[in-house]
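Here's final-v4.txt, which has compact mmCIF, C-alpha atoms and all ligand atoms:
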```txt
# COMPACT_ATOMS: atom_id res chain seq x y z
CA MET A 1 55.17 -32.42 30.53
CA ARG A 2 57.44 -31.17 27.76
CA LEU A 3 59.65 -34.23 27.56
CA LEU A 4 57.04 -36.83 28.22
CA THR A 5 58.48 -40.09 27.04
CA TRP A 6 56.60 -43.25 26.49
CA LEU A 7 57.55 -46.68 25.58
CA ILE A 8 54.97 -48.80 23.90
CA PHE A 9 55.99 -52.33 23.46
CA LEU A 10 53.11 -54.38 22.31
CA ALA A 11 52.70 -58.00 21.73
CA HIS A 12 50.11 -59.46 19.45
CA TRP A 13 50.00 -63.12 19.59
CA GLY A 14 47.40 -64.72 17.43
CA GLY A 15 44.66 -62.16 18.11
CA ALA A 16 41.88 -62.27 15.56
CA ARG A 17 42.64 -58.88 14.09
CA ALA A 18 46.25 -58.48 15.04
CA GLU A 19 49.11 -59.86 13.06
CA PRO A 20 50.50 -62.76 15.08
CA GLY A 21 54.06 -62.84 16.26
CA LYS A 22 54.79 -59.17 15.94
CA PHE A 23 55.34 -56.36 18.38
CA TRP A 24 55.86 -52.67 17.90
CA HIS A 25 58.59 -50.67 19.47
CA ILE A 26 57.50 -47.05 19.55
CA THR A 27 59.61 -44.79 21.66
CA ASP A 28 60.43 -41.26 22.68
CA LEU A 29 57.19 -39.68 21.67
CA HIS A 30 58.12 -36.45 23.48
CA LEU A 31 54.92 -34.50 23.21
CA ASP A 32 55.39 -30.75 23.04
CA PRO A 33 51.84 -29.69 23.91
CA ASP A 34 52.49 -26.08 22.87
CA HIS A 35 53.73 -26.90 19.37
CA LYS A 36 51.96 -24.65 16.84
CA VAL A 37 52.36 -23.42 13.29
CA PRO A 38 52.36 -19.69 13.93
CA LYS A 39 53.48 -16.78 11.76
CA TYR A 40 56.65 -16.15 13.76
CA PRO A 41 59.50 -18.68 13.84
CA PHE A 42 60.23 -17.97 17.52
CA GLN A 43 56.79 -19.09 18.60
CA VAL A 44 56.66 -22.58 17.14
CA CYS A 45 57.61 -24.80 20.06
CA PRO A 46 59.02 -24.28 23.54
CA SER A 47 61.18 -27.38 22.99
CA ALA A 48 63.32 -25.43 20.46
CA GLY A 49 64.51 -23.17 23.27
CA PHE A 50 65.71 -19.87 21.83
CA GLN A 51 66.20 -21.18 18.32
CA SER A 52 64.24 -19.80 15.43
CA VAL A 53 62.11 -22.43 13.66
CA PRO A 54 61.50 -21.24 10.11
CA ASN A 55 58.95 -22.93 7.85
CA ALA A 56 57.34 -24.96 10.60
CA GLY A 57 54.82 -27.49 9.37
CA PRO A 58 51.87 -29.31 10.90
CA TRP A 59 53.71 -32.62 11.47
CA GLY A 60 56.56 -31.15 13.45
CA ASP A 61 60.05 -29.84 12.99
CA TYR A 62 63.57 -31.17 13.43
CA LEU A 63 64.19 -28.50 16.07
CA CYS A 64 61.10 -29.40 18.10
CA ASP A 65 59.62 -32.22 20.04
CA SER A 66 56.50 -33.81 18.58
CA PRO A 67 53.26 -31.96 18.04
CA TRP A 68 50.16 -33.93 18.94
CA ALA A 69 49.40 -34.50 15.24
CA LEU A 70 52.62 -36.50 14.82
CA ILE A 71 52.03 -38.65 17.88
CA ASN A 72 48.45 -39.28 16.89
CA SER A 73 49.57 -40.22 13.41
CA SER A 74 52.18 -42.67 14.70
CA ILE A 75 49.60 -44.41 16.84
CA TYR A 76 47.00 -44.43 14.08
CA LYS A 77 49.45 -46.07 11.74
CA LEU A 78 49.34 -49.14 13.93
CA GLY A 79 45.70 -49.76 13.12
CA GLU A 80 42.58 -50.03 15.16
CA ALA A 81 43.32 -53.30 16.93
CA ALA A 82 46.65 -52.01 18.13
CA VAL A 83 45.12 -48.72 19.26
CA LEU A 84 42.79 -50.55 21.61
CA GLU A 85 45.76 -52.46 22.93
CA ILE A 86 47.70 -49.23 23.33
CA VAL A 87 45.02 -47.62 25.43
CA LYS A 88 45.23 -50.56 27.81
CA CYS A 89 49.02 -50.51 27.84
CA LEU A 90 49.29 -46.77 28.25
CA THR A 91 47.06 -46.77 31.27
CA LYS A 92 49.29 -49.33 32.83
CA LEU A 93 52.50 -47.75 31.63
CA ILE A 94 51.70 -44.25 32.79
CA ARG A 95 51.09 -45.59 36.25
CA GLU A 96 54.28 -47.60 36.19
CA VAL A 97 56.54 -45.07 34.51
CA PHE A 98 55.59 -42.35 36.92
CA LEU A 99 56.19 -44.65 39.82
CA GLY A 100 59.56 -45.55 38.27
CA ALA A 101 58.73 -49.21 38.26
CA PHE A 102 60.27 -52.11 36.41
CA TYR A 103 58.39 -55.22 35.61
CA SER A 104 58.23 -58.30 33.51
CA GLU A 105 55.33 -59.62 31.53
CA LYS A 106 54.76 -63.01 30.17
CA LEU A 107 53.82 -62.95 26.54
CA PRO A 108 50.83 -65.10 25.78
CA GLY A 109 51.41 -68.01 23.47
CA PRO A 110 52.20 -71.69 23.54
CA SER A 111 55.94 -71.58 24.15
CA GLY A 112 56.30 -68.92 26.81
CA ALA A 113 58.66 -66.12 25.92
CA GLY A 114 58.97 -63.66 28.76
CA GLN A 115 59.03 -59.99 28.07
CA ILE A 116 60.86 -57.76 30.44
CA VAL A 117 60.71 -54.04 30.72
CA VAL A 118 63.64 -52.56 32.58
CA ASN A 119 62.73 -48.99 32.97
CA GLU A 120 65.04 -46.05 33.55
CA LEU A 121 68.41 -47.55 34.30
CA THR A 122 70.03 -44.16 34.22
CA ALA A 123 73.47 -42.77 34.79
CA ASP A 124 72.30 -40.14 37.25
CA MET A 125 70.59 -42.45 39.61
CA VAL A 126 72.08 -42.79 43.02
CA GLY A 127 71.12 -46.44 43.10
CA PRO A 128 69.28 -48.47 40.51
CA GLY A 129 66.68 -49.62 43.03
CA GLN A 130 67.51 -53.33 43.07
CA GLN A 131 66.88 -53.52 39.34
CA PHE A 132 69.95 -55.61 38.66
CA GLN A 133 69.04 -58.14 41.31
CA TRP A 134 65.53 -58.25 39.96
CA LEU A 135 66.79 -58.71 36.40
CA GLU A 136 69.08 -61.46 37.54
CA ASP A 137 66.15 -63.19 39.27
CA VAL A 138 63.87 -62.90 36.28
CA LEU A 139 66.54 -64.34 34.00
CA THR A 140 67.33 -67.15 36.39
CA ASN A 141 63.64 -67.99 36.61
CA ALA A 142 63.29 -67.86 32.84
CA SER A 143 66.25 -70.14 32.47
CA LYS A 144 64.65 -72.71 34.80
CA ALA A 145 61.32 -72.47 33.00
CA GLY A 146 62.88 -72.71 29.53
CA ASP A 147 61.61 -69.26 28.57
CA MET A 148 63.31 -66.77 26.30
CA VAL A 149 63.42 -63.15 27.36
CA TYR A 150 63.34 -59.78 25.64
CA ILE A 151 64.84 -56.97 27.64
CA VAL A 152 63.36 -53.56 27.02
CA GLY A 153 64.81 -50.47 28.57
CA HIS A 154 65.02 -46.75 28.19
CA VAL A 155 68.54 -45.43 28.59
CA PRO A 156 71.02 -47.86 27.02
CA PRO A 157 74.33 -48.96 28.43
CA GLY A 158 77.39 -48.08 26.38
CA PHE A 159 78.05 -44.91 24.49
CA PHE A 160 76.09 -42.47 22.40
CA GLU A 161 77.55 -42.86 18.94
CA LYS A 162 77.18 -39.27 17.86
CA THR A 163 79.52 -37.82 20.40
CA GLN A 164 82.69 -38.97 22.01
CA ASN A 165 82.73 -40.68 25.37
CA LYS A 166 79.12 -39.89 26.25
CA ALA A 167 77.92 -42.73 28.43
CA TRP A 168 74.58 -42.58 30.25
CA PHE A 169 75.08 -45.29 32.85
CA GLN A 170 77.46 -44.87 35.69
CA GLU A 171 80.52 -47.02 35.08
CA GLY A 172 79.59 -49.56 37.73
CA PHE A 173 76.07 -49.96 36.35
CA ASN A 174 77.37 -50.52 32.84
CA GLU A 175 79.51 -53.29 34.10
CA LYS A 176 76.73 -54.81 36.18
CA TYR A 177 74.37 -54.82 33.26
CA LEU A 178 76.87 -56.45 30.94
CA LYS A 179 77.75 -59.07 33.50
CA VAL A 180 74.09 -60.04 33.71
CA VAL A 181 73.92 -60.34 29.93
CA TRP A 182 77.09 -62.40 29.81
CA LYS A 183 75.78 -64.73 32.46
CA HIS A 184 72.30 -65.20 31.00
CA GLY A 185 72.96 -64.61 27.30
CA ARG A 186 71.45 -67.96 26.39
CA VAL A 187 67.94 -66.93 27.44
CA ILE A 188 68.08 -63.36 26.13
CA ALA A 189 66.41 -63.30 22.73
CA GLY A 190 67.00 -59.60 22.20
CA GLN A 191 67.52 -56.27 23.90
CA PHE A 192 65.70 -53.11 22.96
CA PHE A 193 66.74 -49.70 24.15
CA ARG A 194 66.07 -46.15 22.99
CA HIS A 195 66.89 -42.63 24.21
CA HIS A 196 69.45 -41.83 21.49
CA HIS A 197 66.74 -41.17 18.87
CA THR A 198 69.16 -42.71 16.39
CA ASP A 199 69.13 -46.14 14.80
CA SER A 200 71.98 -48.43 15.73
CA PHE A 201 72.82 -51.68 17.39
CA ARG A 202 75.44 -53.00 19.75
CA MET A 203 76.88 -56.47 19.86
CA LEU A 204 78.00 -58.21 22.99
CA TYR A 205 80.59 -60.96 22.83
CA ASP A 206 81.66 -63.67 25.19
CA ASP A 207 85.28 -64.04 26.18
CA ALA A 208 85.87 -66.44 23.30
CA GLY A 209 84.76 -63.71 20.91
CA ALA A 210 81.43 -65.31 19.98
CA PRO A 211 78.43 -62.99 19.69
CA ILE A 212 76.06 -63.49 22.65
CA SER A 213 73.35 -60.95 22.20
CA ALA A 214 72.49 -57.93 20.08
CA MET A 215 71.05 -54.74 21.46
CA PHE A 216 68.86 -52.63 19.22
CA ILE A 217 68.66 -48.92 19.82
CA THR A 218 65.39 -47.76 18.35
CA PRO A 219 64.96 -44.21 17.07
CA GLY A 220 62.15 -42.07 18.41
CA VAL A 221 58.95 -40.54 17.12
CA THR A 222 60.26 -37.12 18.11
CA PRO A 223 62.49 -35.59 15.41
CA TRP A 224 64.08 -33.24 17.97
CA LYS A 225 67.67 -32.28 17.19
CA THR A 226 69.77 -32.95 20.24
CA THR A 227 71.53 -30.00 21.82
CA LEU A 228 74.31 -32.16 23.27
CA PRO A 229 77.62 -30.37 22.70
CA GLY A 230 79.67 -31.77 19.85
CA VAL A 231 76.81 -33.43 18.00
CA ILE A 232 76.45 -32.51 14.35
CA ASN A 233 73.23 -33.24 12.45
CA GLY A 234 71.65 -34.72 15.53
CA ALA A 235 68.05 -34.86 14.28
CA ASN A 236 66.11 -37.79 12.89
CA ASN A 237 62.94 -38.55 11.02
CA PRO A 238 60.15 -40.05 13.14
CA VAL A 239 60.08 -43.85 13.40
CA ILE A 240 57.69 -46.63 14.31
CA ARG A 241 59.05 -50.13 14.22
CA PRO A 242 57.61 -53.61 14.33
CA ALA A 243 59.74 -56.56 15.27
CA TYR A 244 59.04 -60.22 14.55
CA PRO A 245 60.25 -62.13 17.54
CA LYS A 246 59.28 -65.79 17.32
CA PRO A 247 60.89 -68.19 18.04
CA PHE A 248 63.85 -65.82 17.91
CA LEU A 249 64.08 -62.36 16.41
CA GLN A 250 63.13 -62.90 12.78
CA ASP A 251 63.29 -59.41 11.43
CA MET A 252 63.17 -55.74 12.21
CA VAL A 253 61.36 -53.29 9.99
CA THR A 254 61.60 -49.53 10.17
CA TYR A 255 58.81 -47.23 9.03
CA PHE A 256 59.53 -43.55 8.95
CA MET A 257 57.85 -40.29 8.15
CA ASN A 258 59.89 -38.00 5.93
CA LEU A 259 59.08 -34.93 7.96
CA SER A 260 60.22 -32.30 5.49
CA GLN A 261 58.24 -34.01 2.75
CA ALA A 262 55.15 -34.47 4.91
CA ASN A 263 55.17 -30.79 5.80
CA ALA A 264 55.88 -29.66 2.25
CA GLN A 265 53.07 -31.80 0.86
CA GLY A 266 50.71 -31.22 3.78
CA MET A 267 50.27 -34.96 3.96
CA ARG A 268 51.56 -37.40 6.50
CA ARG A 269 52.87 -40.67 5.19
CA TRP A 270 54.62 -43.49 6.98
CA GLU A 271 56.75 -45.45 4.59
CA LEU A 272 59.14 -48.33 4.75
CA GLU A 273 62.67 -47.16 5.34
CA TYR A 274 64.31 -50.57 5.43
CA GLN A 275 63.90 -54.14 6.46
CA LEU A 276 66.93 -55.50 8.24
CA THR A 277 67.06 -58.89 6.53
CA LYS A 278 66.72 -57.42 3.04
CA ALA A 279 68.96 -54.42 3.57
CA TYR A 280 71.85 -56.54 4.76
CA TRP A 281 71.09 -59.94 3.17
CA VAL A 282 70.82 -61.87 6.39
CA PRO A 283 68.31 -64.63 7.20
CA HIS A 284 66.97 -63.10 10.44
CA ALA A 285 67.78 -60.61 13.20
CA SER A 286 69.40 -62.92 15.73
CA ALA A 287 72.82 -62.20 17.26
CA HIS A 288 74.36 -64.49 14.67
CA SER A 289 72.80 -62.55 11.79
CA LEU A 290 73.66 -59.24 13.37
CA GLN A 291 77.25 -60.36 13.42
CA ALA A 292 76.98 -60.88 9.67
CA VAL A 293 75.52 -57.37 9.36
CA LEU A 294 78.44 -56.06 11.31
CA ASP A 295 80.90 -57.86 9.06
CA ARG A 296 79.13 -56.36 6.10
CA ILE A 297 79.09 -52.77 7.31
CA THR A 298 82.69 -52.95 8.37
CA GLY A 299 83.86 -54.57 5.17
CA ASP A 300 81.73 -52.97 2.51
CA GLN A 301 81.60 -49.22 1.96
CA GLY A 302 78.11 -49.41 0.40
CA ALA A 303 76.60 -51.23 3.37
CA LEU A 304 78.35 -48.85 5.74
CA GLN A 305 76.88 -45.91 3.89
CA HIS A 306 73.39 -47.41 4.29
CA TYR A 307 73.96 -47.93 7.97
CA TYR A 308 75.11 -44.34 8.27
CA LEU A 309 71.99 -43.04 6.52
CA TYR A 310 69.67 -45.21 8.63
CA ASN A 311 71.39 -43.96 11.77
CA SER A 312 69.60 -40.62 11.37
CA VAL A 313 66.50 -42.28 9.87
CA SER A 314 67.38 -40.90 6.45
CA TYR A 315 67.49 -37.36 7.78
CA TYR A 316 71.17 -36.85 7.04
CA ALA A 317 72.29 -38.16 3.66
CA GLY A 318 75.92 -37.11 3.99
CA VAL A 319 78.78 -39.31 2.95
CA CYS A 320 80.54 -41.33 5.58
CA GLU A 321 83.83 -39.49 5.63
CA GLU A 322 87.21 -41.01 6.02
CA ALA A 323 88.10 -38.49 8.71
CA ALA A 324 85.21 -39.60 10.91
CA ARG A 325 86.33 -43.19 10.95
CA VAL A 326 87.86 -44.83 13.93
CA GLU A 327 89.40 -48.21 13.58
CA VAL A 328 89.01 -50.56 16.51
CA ALA A 329 89.49 -54.30 16.61
CA ALA A 330 89.54 -54.46 12.83
CA TYR A 331 86.12 -52.78 12.62
CA THR A 332 85.73 -49.52 10.83
CA THR A 333 82.69 -47.39 11.29
CA CYS A 334 81.77 -43.86 10.55
CA LEU A 335 80.61 -43.18 14.03
CA TYR A 336 82.59 -43.16 17.21
CA LEU A 337 83.23 -46.50 18.80
CA PRO A 338 82.91 -46.86 22.52
CA LEU A 339 86.58 -47.28 23.22
CA LEU A 340 86.34 -46.38 26.84
CA LEU A 341 83.77 -49.00 27.64
CA MET A 342 85.78 -51.65 25.87
CA ALA A 343 88.78 -50.68 27.88
CA LEU A 344 86.81 -50.76 31.11
CA LEU A 345 85.19 -54.04 30.48
CA GLY A 346 87.88 -55.88 28.66
CA LEU A 347 85.78 -58.73 27.42
CA CYS A 348 83.07 -56.75 25.82
CA THR A 349 83.20 -55.24 22.40
CA LEU A 350 80.35 -52.95 21.60
CA VAL A 351 80.25 -52.00 17.98
CA LEU A 352 77.95 -49.61 16.24
C1 LIG B 1 43.88 -38.54 15.37
O1 LIG B 1 44.00 -38.62 13.97
C2 LIG B 1 42.86 -39.21 13.37
C3 LIG B 1 43.18 -39.49 11.92
O2 LIG B 1 43.67 -38.36 11.28
C4 LIG B 1 41.67 -38.29 13.57
O3 LIG B 1 40.53 -38.84 12.96
C5 LIG B 1 41.43 -38.15 15.07
O4 LIG B 1 40.40 -37.23 15.32
C6 LIG B 1 42.69 -37.70 15.79
N1 LIG B 1 42.46 -37.84 17.21
C7 LIG B 1 42.86 -36.93 18.12
C8 LIG B 1 42.52 -37.25 19.54
O5 LIG B 1 43.48 -35.95 17.84
C1 LIG B 2 61.41 -66.08 40.57
O1 LIG B 2 60.73 -67.25 40.92
C2 LIG B 2 60.43 -67.35 42.30
C3 LIG B 2 59.88 -68.73 42.57
O2 LIG B 2 58.80 -69.01 41.74
C4 LIG B 2 59.43 -66.24 42.65
O3 LIG B 2 59.10 -66.28 44.03
C5 LIG B 2 60.06 -64.90 42.34
O4 LIG B 2 59.13 -63.86 42.55
C6 LIG B 2 60.54 -64.87 40.89
N1 LIG B 2 61.29 -63.64 40.70
C7 LIG B 2 61.03 -62.76 39.72
C8 LIG B 2 61.83 -61.52 39.74
O5 LIG B 2 60.21 -62.97 38.87
C1 LIG B 3 62.59 -36.43 2.17
O1 LIG B 3 61.95 -35.34 1.59
C2 LIG B 3 62.82 -34.35 1.10
C3 LIG B 3 61.96 -33.16 0.69
O2 LIG B 3 60.91 -33.57 -0.14
C4 LIG B 3 63.65 -34.95 -0.02
O3 LIG B 3 64.56 -34.00 -0.50
C5 LIG B 3 64.41 -36.15 0.52
O4 LIG B 3 65.12 -36.80 -0.51
C6 LIG B 3 63.47 -37.15 1.16
N1 LIG B 3 64.25 -38.17 1.80
C7 LIG B 3 63.99 -39.47 1.68
C8 LIG B 3 64.89 -40.40 2.40
O5 LIG B 3 63.07 -39.91 1.02
```
I need this file expressed as structure tokens, please.
Amino acid sequence: MRLLTWLIFLAHWGGARAEPGKFWHITDLHLDPDHKVPKYPFQVCPSAGFQSVPNAGPWGDYLCDSPWALINSSIYKLGEAAVLEIVKCLTKLIREVFLGAFYSEKLPGPSGAGQIVVNELTADMVGPGQQFQWLEDVLTNASKAGDMVYIVGHVPPGFFEKTQNKAWFQEGFNEKYLKVVWKHGRVIAGQFFRHHHTDSFRMLYDDAGAPISAMFITPGVTPWKTTLPGVINGANNPVIRPAYPKPFLQDMVTYFMNLSQANAQGMRRWELEYQLTKAYWVPHASAHSLQAVLDRITGDQGALQHYYLYNSVSYYAGVCEEAARVEVAAYTTCLYLPLLLMALLGLCTLVL
């Protein structure tokens, strides 16, 4: 129960009360049902393990998974119409997640855009349960029907940017996934993953070096500081994020709760952190625009610094240090680049 993780990926298409053409990506809620605000710092939350949690507040702590109040607040922020939708989706999702299922759903609307949820493609799995074949079939079908597809998954392929050489997929699965994307890139309108709790994106290129598809890694609601060895400042502020997908990905907006401020003021507030198109001066959030974002963050120290701040959802405001840079294929970033994967796959360049 402690690390309960949910993905809520909602589509509102032209509903009377819902904003049309928008969906929310809310991930990694991680309810810690025993989270409290007690007198003693060792009694705050089981998810902190043996760490002391001083000055715990009602909305949660960077050392803990989410208290119910934070999860409730993130859902409430979406508004009443969405909450009704969420209840329906959760019922379905809980059944499916616990059965380990993967499925696709057709989004309502005039020009059909398929939505696919690929759940739990993980590194530890003995076999990915025919998911790749299924994905291949769905994409082939979409291609025949003239549909565009959003791929939504939990554990992302590639590397975790806050530590070196930490990949979640088994090597073979990484390669399989990327091959599918290469083959069907034309019908993939976007990829959404999570699990890292950090904010970043990856770009996939074809063998001529043209961007095929961008993969967004969405931060979580849980602020929990990862205990992975080697990770420094591995916490984040809680995030909820709407995306504007039609007819291609128009924009991506990130709302966050400044947890330390919310606790200090005793008041929860979700505020705009950044809007992709405005933060990086690009017309939309398509692969083409994301390539422009990439050019910007690799060529302009100011943009890179923004990207670095957003990576932890404005939790860590440190300066992107020269020493932390790794230069690969003319790109410079503050975070580790997935060298190993590039070497394994040859054609693919994944950049943070
Ligand atoms: C969730 O939060 C809302 C708004 O603060 C509150 O009215 C409601 O009672 C809470 N619901 C639960 C189930 O905690
Ligand atoms: C692909 O389309 C075929 C023919 O309509 C259908 O039988 C099959 O179930 C579809 N596959 C998936 C994964 O949607
Ligand atoms: C979050 O709140 C803290 C404490 O009030 C403040 O120091 C910090 O600047 C805030 N961060 C952002 C990104 O607003």
Exercise for the section: Write out as JSON, numbers by chain each polymer residue (protein, DNA or RNA) that has an atom no more than 8 Å from ligand LIG 1 (chain B), with all atoms listed in the file counted. Expected result: {"A": [68, 69, 72, 73, 76]}
Distance query stretch 205-221 of chain A at most 8 Å, only C-alpha atoms, self and fewer than 3 positions along chain excluded, as a PyMOL selection string: chain A and resi 25-30+66+70-71+74+156+181-182+185-186+188-202+236-241+286-288+290-291+313+347-349
**Request:** Please extract the residues at most 10 Å from ligand LIG 2 (chain B), counting all atoms listed in the file, and provide them as a ChimeraX atom specification, using the chain letters and residue numbers of this document.
**Result:** /A:103-105,116,131,133-142,144-145
Of A:Ala292, A:Ile297, A:Ala264, A:Leu249, the one sitting nearest ligand LIG 3 (chain B) when using all atoms listed in the file is A:Ala264
- prompt: atom CA of A:Gln250 and atom CA of A:Ser143 are how many Å apart?
  reply: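 Between these atoms lies a distance of 21.2 Å.
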Shell of 6 Å around ligand LIG 3 (chain B) (only C-alpha atoms and all ligand atoms), written as a PyMOL selection string: chain A and resi 258+260-261+314
Atom CA of A:Ala262 sits from atom CA of A:Trp59 at a separation of 7.0 Å
What separates atom CA of A:Ala285 and atom CA of A:Gly172 is a distance of 29.4 Å
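Remark: for A:Gly230, the closest of the candidate residues A:Thr163, A:Asn311, A:Ser52, A:Thr277 is A:Thr163 (distances computed over all atoms listed in the file).
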- Smallest atom-to-atom distance to A:Tyr62: which of A:Gln130, A:Gln305, A:Gln170, A:Ser312, using all atoms listed in the file?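 So, comparing all the options, the nearest one is A:Ser312.
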(request) Identify, on the basis of all atoms listed in the file, every residue whose closest approach to A:Glu273 does not exceed 8 Å; exclude the query and any residue fewer than 4 positions from it along the same chain; express the result as a ChimeraX atom specification. (result) /A:253-256,310,313-314
In terms of all atoms listed in the file, the residue from A:Phe132, A:Lys225, A:Gly158, A:Lys77 at minimal distance from A:Arg269 is A:Lys77
